[in-house]
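Just input22.tsv here, TSV, C-alpha atoms:
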```tsv
chain	number	residue	atom	x	y	z
W	1	MET	CA	6.47	43.39	-21.43
W	2	LYS	CA	3.49	41.56	-22.99
W	3	LEU	CA	5.62	38.47	-23.53
W	4	THR	CA	6.65	38.42	-19.85
W	5	PHE	CA	3.01	38.89	-18.82
W	6	TYR	CA	1.96	35.76	-20.77
W	7	LEU	CA	5.01	33.61	-20.10
W	8	LEU	CA	5.12	34.08	-16.33
W	9	PRO	CA	1.86	32.19	-15.59
W	10	VAL	CA	2.81	29.43	-18.03
W	11	LEU	CA	6.23	29.01	-16.41
W	12	PHE	CA	4.65	28.93	-12.95
W	13	LEU	CA	2.14	26.30	-14.06
W	14	LEU	CA	4.83	24.10	-15.62
W	15	GLN	CA	7.04	24.40	-12.54
W	16	SER	CA	4.21	23.38	-10.23
W	17	PHE	CA	3.68	20.17	-12.20
W	18	ALA	CA	7.40	19.38	-12.12
W	19	LEU	CA	7.55	19.81	-8.34
W	20	HIS	CA	4.43	17.83	-7.53
W	21	LYS	CA	4.86	14.15	-6.69
W	22	TYR	CA	2.10	11.61	-6.24
W	23	TYR	CA	2.22	9.29	-3.24
W	24	VAL	CA	0.41	6.06	-3.95
W	25	SER	CA	0.59	2.33	-3.35
W	26	VAL	CA	-1.53	-0.33	-5.03
W	27	THR	CA	-2.47	-3.59	-3.33
W	28	GLU	CA	-4.24	-6.48	-5.07
W	29	ILE	CA	-5.78	-9.10	-2.81
W	30	HIS	CA	-6.93	-12.24	-4.58
W	31	ILE	CA	-9.44	-14.09	-2.40
W	32	GLU	CA	-9.12	-17.81	-3.00
W	33	LYS	CA	-10.69	-20.78	-1.20
W	34	LYS	CA	-7.88	-21.38	1.27
W	35	ALA	CA	-5.73	-18.24	1.14
W	36	LEU	CA	-5.39	-14.60	0.29
W	37	GLN	CA	-2.73	-13.93	-2.35
W	38	ILE	CA	-1.50	-10.36	-2.02
W	39	ILE	CA	0.59	-8.24	-4.39
W	40	MET	CA	1.59	-4.83	-3.03
W	41	ARG	CA	3.32	-2.17	-5.15
W	42	THR	CA	4.88	1.06	-3.94
W	43	PHE	CA	7.73	3.34	-4.91
W	44	PRO	CA	11.11	2.20	-3.55
W	45	ASP	CA	12.26	5.71	-2.58
W	46	ASP	CA	9.09	6.22	-0.49
W	47	MET	CA	9.65	2.95	1.36
W	48	GLU	CA	13.31	3.84	1.91
W	49	ARG	CA	12.28	7.16	3.42
W	50	ALA	CA	9.73	5.45	5.70
W	51	VAL	CA	12.35	3.03	7.03
W	52	GLU	CA	14.96	5.77	7.43
W	53	ASP	CA	12.51	8.10	9.23
W	54	ASN	CA	11.06	5.40	11.52
W	55	TYR	CA	14.12	3.27	12.33
W	56	HIS	CA	17.10	5.45	11.32
W	57	ILE	CA	18.41	2.63	9.10
W	58	GLN	CA	20.04	3.47	5.76
W	59	PRO	CA	19.45	1.35	2.61
W	60	GLU	CA	23.13	0.28	2.65
W	61	ASN	CA	22.65	-1.38	6.04
W	62	PRO	CA	22.46	-5.21	5.73
W	63	LYS	CA	19.40	-5.18	8.02
W	64	PHE	CA	17.49	-2.69	5.86
W	65	LYS	CA	15.26	-5.35	4.25
W	66	GLN	CA	14.41	-6.74	7.69
W	67	TYR	CA	13.31	-3.28	8.85
W	68	MET	CA	11.30	-2.81	5.66
W	69	GLU	CA	9.35	-5.96	6.58
W	70	ILE	CA	8.87	-4.70	10.15
W	71	TYR	CA	7.48	-1.45	8.75
W	72	LEU	CA	5.16	-3.38	6.42
W	73	ARG	CA	3.80	-5.50	9.30
W	74	GLU	CA	3.18	-2.38	11.40
W	75	HIS	CA	1.21	-0.69	8.61
W	76	PHE	CA	-0.63	-3.51	6.84
W	77	GLN	CA	-3.08	-5.72	8.69
W	78	ILE	CA	-5.65	-8.35	7.72
W	79	LEU	CA	-8.62	-9.21	9.94
W	80	ILE	CA	-11.31	-11.82	9.45
W	81	ASP	CA	-14.38	-11.44	11.64
W	82	GLY	CA	-12.38	-9.00	13.75
W	83	GLN	CA	-9.52	-11.44	14.37
W	84	ASP	CA	-6.02	-10.48	13.28
W	85	ARG	CA	-4.65	-12.84	10.60
W	86	GLU	CA	-0.97	-13.54	10.14
W	87	TYR	CA	0.58	-13.39	6.73
W	88	LYS	CA	3.85	-14.50	5.22
W	89	ILE	CA	6.04	-12.14	3.27
W	90	LEU	CA	7.01	-14.44	0.43
W	91	GLY	CA	9.45	-11.97	-1.03
W	92	SER	CA	10.00	-8.62	-2.65
W	93	THR	CA	11.36	-7.50	-5.98
W	94	ASP	CA	11.91	-4.41	-8.09
W	95	GLU	CA	9.63	-4.33	-11.11
W	96	ASP	CA	9.16	-1.41	-13.53
W	97	ASN	CA	10.31	1.21	-10.99
W	98	PHE	CA	8.09	-0.26	-8.27
W	99	LEU	CA	8.95	-2.18	-5.13
W	100	VAL	CA	6.68	-5.24	-5.19
W	101	PHE	CA	5.89	-7.35	-2.12
W	102	LEU	CA	4.31	-10.79	-2.39
W	103	LEU	CA	2.29	-11.84	0.65
W	104	GLU	CA	0.07	-14.76	1.57
W	105	SER	CA	-2.41	-15.27	4.37
W	106	LYS	CA	-4.07	-18.62	5.00
W	107	LEU	CA	-7.82	-18.44	5.48
W	108	PRO	CA	-9.37	-20.17	8.47
W	109	PRO	CA	-12.16	-22.67	7.80
W	110	LEU	CA	-15.19	-20.53	7.01
W	111	ASP	CA	-18.76	-21.67	7.69
W	112	ALA	CA	-20.67	-21.23	4.41
W	113	LYS	CA	-23.90	-20.67	6.39
W	114	GLN	CA	-22.45	-17.62	8.14
W	115	LYS	CA	-21.45	-14.24	6.76
W	116	HIS	CA	-17.78	-13.51	7.29
W	117	GLN	CA	-16.11	-10.14	7.08
W	118	LEU	CA	-12.66	-9.35	5.70
W	119	GLN	CA	-11.09	-6.10	6.88
W	120	ILE	CA	-7.92	-4.62	5.43
W	121	LYS	CA	-6.01	-1.94	7.31
W	122	ASN	CA	-3.41	-0.19	5.20
W	123	SER	CA	-1.65	2.86	6.63
W	124	LEU	CA	1.47	2.33	4.52
W	125	LEU	CA	3.40	5.60	4.15
W	126	THR	CA	0.61	7.73	5.66
W	127	ASP	CA	2.93	8.50	8.56
W	128	ILE	CA	5.35	10.32	6.27
W	129	TYR	CA	3.10	11.73	3.51
W	130	ASP	CA	-0.11	13.60	4.30
W	131	ASP	CA	-1.51	12.98	0.83
W	132	GLN	CA	-0.57	9.27	0.58
W	133	LYS	CA	-3.24	7.15	-1.15
W	134	ASN	CA	-3.32	3.37	-0.77
W	135	ILE	CA	-5.48	1.77	-3.42
W	136	VAL	CA	-6.76	-1.69	-2.48
W	137	HIS	CA	-8.34	-4.04	-5.03
W	138	LEU	CA	-10.15	-7.08	-3.60
W	139	ILE	CA	-10.66	-9.74	-6.26
W	140	LYS	CA	-12.86	-12.80	-5.76
W	141	GLY	CA	-13.58	-14.77	-8.91
W	142	ASN	CA	-14.83	-12.28	-11.49
W	143	LYS	CA	-15.82	-9.66	-8.90
W	144	LYS	CA	-13.50	-6.77	-8.10
W	145	THR	CA	-14.07	-4.23	-5.33
W	146	SER	CA	-11.73	-1.26	-4.94
W	147	PHE	CA	-11.05	1.19	-2.14
W	148	ILE	CA	-8.88	4.27	-1.77
W	149	LEU	CA	-7.43	4.47	1.73
W	150	ASN	CA	-5.60	7.45	3.20
W	151	ARG	CA	-4.47	8.93	6.50
W	152	GLN	CA	-8.05	9.65	7.59
W	153	ASN	CA	-9.46	6.31	6.41
W	154	ILE	CA	-7.01	3.40	6.72
W	155	SER	CA	-9.54	0.55	6.67
W	156	ALA	CA	-11.84	-1.24	4.20
W	157	LYS	CA	-14.34	-4.06	4.89
W	158	VAL	CA	-16.03	-6.58	2.61
W	159	SER	CA	-18.08	-9.73	3.12
W	160	LEU	CA	-16.42	-13.01	2.23
```
File written out as structure tokens:
Amino acid sequence: MKLTFYLLPVLFLLQSFALHKYYVSVTEIHIEKKALQIIMRTFPDDMERAVEDNYHIQPENPKFKQYMEIYLREHFQILIDGQDREYKILGSTDEDNFLVFLLESKLPPLDAKQKHQLQIKNSLLTDIYDDQKNIVHLIKGNKKTSFILNRQNISAKVSL
């Protein structure tokens, strides 16, 4: 009886850790003179679920990658001084159990005398996971600024 009394809470605790999954993506944005170089990492199974839930496309479908890019464009946005900036999806790859996207956005000519504002909107996977966290690292030279975005707060702003 005593053994059951002590083992039951331990088993419950261990089971709760086994069932819990973390939902996170990490985006690095390197701010250079003429462009933003962006590396975005997320879990492949989470992205597959997002595409399946939103577009009803299975991973075996030849158009799956195309829909993954559509989803990415709908949930990741770059603005400079309030103006939407286009970006190219240079490619994607699987790396160490992550799905990695490489993106690039050209910067417009910026007046050095004026303050310019960069805004990142990242709602990736927040439509399917309530506790999704999107970590964004903005790197300019030796300075790094980080934000944790989620369903309630999908946007971060910094001065360029």
Inset, instruction - Fewer than 6 positions away in the same chain doesn't count, so skip those; otherwise give me all residues within 12 Å of W:Thr126, counting all atoms listed in the file, as a ChimeraX atom specification. - result: /W:23-25,46-47,49-50,71,74-76,132-134,149-154
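The gap separating atom CA of W:Leu72 from atom CA of W:Leu124 is 7.1 Å, in Å to one decimal.
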Legend entry - Interatomic distance (Å, one decimal) between atom CA of W:Asp127 and atom CA of W:Val51: 11.0 Å
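Using all atoms listed in the file for every distance, the candidate list W:Lys143, W:Lys113, W:Lys88, W:Lys21 yields W:Lys88 as the residue closest to W:Phe101.
Atom CA of W:Glu48 is positioned 26.0 Å from atom CA of W:Arg85.
With distances restricted to all atoms listed in the file, W:Ile31 is the closest residue to W:Asn142 from W:Asp84, W:Ile31, W:Val26, W:Asp96.
Residues in contact with W:Ile78 at up to 12 Å, not including ones fewer than 6 positions away on its chain and judged by all atoms listed in the file, are Ile29, Ala35, Leu36, Gln37, Ile38, Leu72, Asp84, Arg85, Glu86, Tyr87, Lys88, Leu103, Glu104, Ser105, Lys106, Leu107, Gln117, Leu118, Gln119, Ile120, Lys121, Asn122, Ser123, Ile154, Ser155, Ala156, Lys157 and Val158 of chain W.
With distances taken over all atoms listed in the file, W:Leu110 is the one residue among W:Ile128, W:Leu110, W:Ile57, W:Val100 lying closest to W:Asp81.
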Starting from the structure just given, write a file holding stretch 29-53 of chain W with N, CA and C atoms, as a CSV table (one decimal), in the first residue's frame.
```csv
chain,number,residue,atom,x,y,z
W,29,ILE,N,16.9,36.9,-38.1
W,29,ILE,CA,16.8,37.9,-39.1
W,29,ILE,C,18.1,38.7,-39.0
W,30,HIS,N,19.0,38.5,-40.0
W,30,HIS,CA,20.2,39.3,-40.1
W,30,HIS,C,20.0,40.5,-40.9
W,31,ILE,N,20.2,41.7,-40.3
W,31,ILE,CA,19.9,43.0,-40.9
W,31,ILE,C,21.3,43.4,-41.6
W,32,GLU,N,21.3,43.4,-42.9
W,32,GLU,CA,22.5,43.8,-43.6
W,32,GLU,C,22.2,45.2,-44.3
W,33,LYS,N,23.2,45.7,-45.0
W,33,LYS,CA,23.0,47.0,-45.6
W,33,LYS,C,21.9,47.0,-46.7
W,34,LYS,N,21.8,46.0,-47.5
W,34,LYS,CA,20.9,46.0,-48.6
W,34,LYS,C,19.8,45.0,-48.5
W,35,ALA,N,19.8,44.1,-47.5
W,35,ALA,CA,18.8,43.0,-47.4
W,35,ALA,C,18.7,42.5,-46.0
W,36,LEU,N,17.6,41.8,-45.8
W,36,LEU,CA,17.4,41.0,-44.6
W,36,LEU,C,17.6,39.5,-45.0
W,37,GLN,N,18.5,38.9,-44.3
W,37,GLN,CA,18.7,37.4,-44.5
W,37,GLN,C,18.0,36.7,-43.4
W,38,ILE,N,17.1,35.8,-43.7
W,38,ILE,CA,16.2,35.2,-42.7
W,38,ILE,C,16.3,33.7,-42.7
W,39,ILE,N,16.5,33.1,-41.6
W,39,ILE,CA,16.6,31.7,-41.4
W,39,ILE,C,15.4,31.4,-40.4
W,40,MET,N,14.5,30.5,-40.8
W,40,MET,CA,13.4,30.2,-40.0
W,40,MET,C,13.4,28.7,-39.8
W,41,ARG,N,13.3,28.3,-38.5
W,41,ARG,CA,13.3,26.8,-38.1
W,41,ARG,C,12.0,26.5,-37.4
W,42,THR,N,11.4,25.4,-37.8
W,42,THR,CA,10.2,24.9,-37.1
W,42,THR,C,10.2,23.3,-37.2
W,43,PHE,N,9.3,22.7,-36.5
W,43,PHE,CA,9.2,21.3,-36.6
W,43,PHE,C,8.4,20.9,-37.9
W,44,PRO,N,8.9,19.9,-38.6
W,44,PRO,CA,8.2,19.5,-39.9
W,44,PRO,C,6.8,19.0,-39.6
W,45,ASP,N,6.6,18.2,-38.6
W,45,ASP,CA,5.2,17.7,-38.3
W,45,ASP,C,4.2,18.8,-38.0
W,46,ASP,N,4.7,19.8,-37.3
W,46,ASP,CA,3.8,21.0,-37.1
W,46,ASP,C,3.4,21.7,-38.3
W,47,MET,N,4.4,21.9,-39.2
W,47,MET,CA,4.1,22.6,-40.5
W,47,MET,C,3.2,21.7,-41.3
W,48,GLU,N,3.4,20.4,-41.3
W,48,GLU,CA,2.5,19.5,-42.1
W,48,GLU,C,1.1,19.6,-41.6
W,49,ARG,N,0.9,19.6,-40.3
W,49,ARG,CA,-0.4,19.7,-39.7
W,49,ARG,C,-1.1,21.0,-40.1
W,50,ALA,N,-0.3,22.1,-40.1
W,50,ALA,CA,-0.9,23.4,-40.5
W,50,ALA,C,-1.4,23.4,-41.9
W,51,VAL,N,-0.6,22.8,-42.8
W,51,VAL,CA,-1.0,22.8,-44.2
W,51,VAL,C,-2.2,21.8,-44.4
W,52,GLU,N,-2.2,20.7,-43.7
W,52,GLU,CA,-3.3,19.8,-43.8
W,52,GLU,C,-4.6,20.4,-43.3
W,53,ASP,N,-4.5,21.1,-42.1
W,53,ASP,CA,-5.7,21.7,-41.5
W,53,ASP,C,-6.2,22.9,-42.3
```
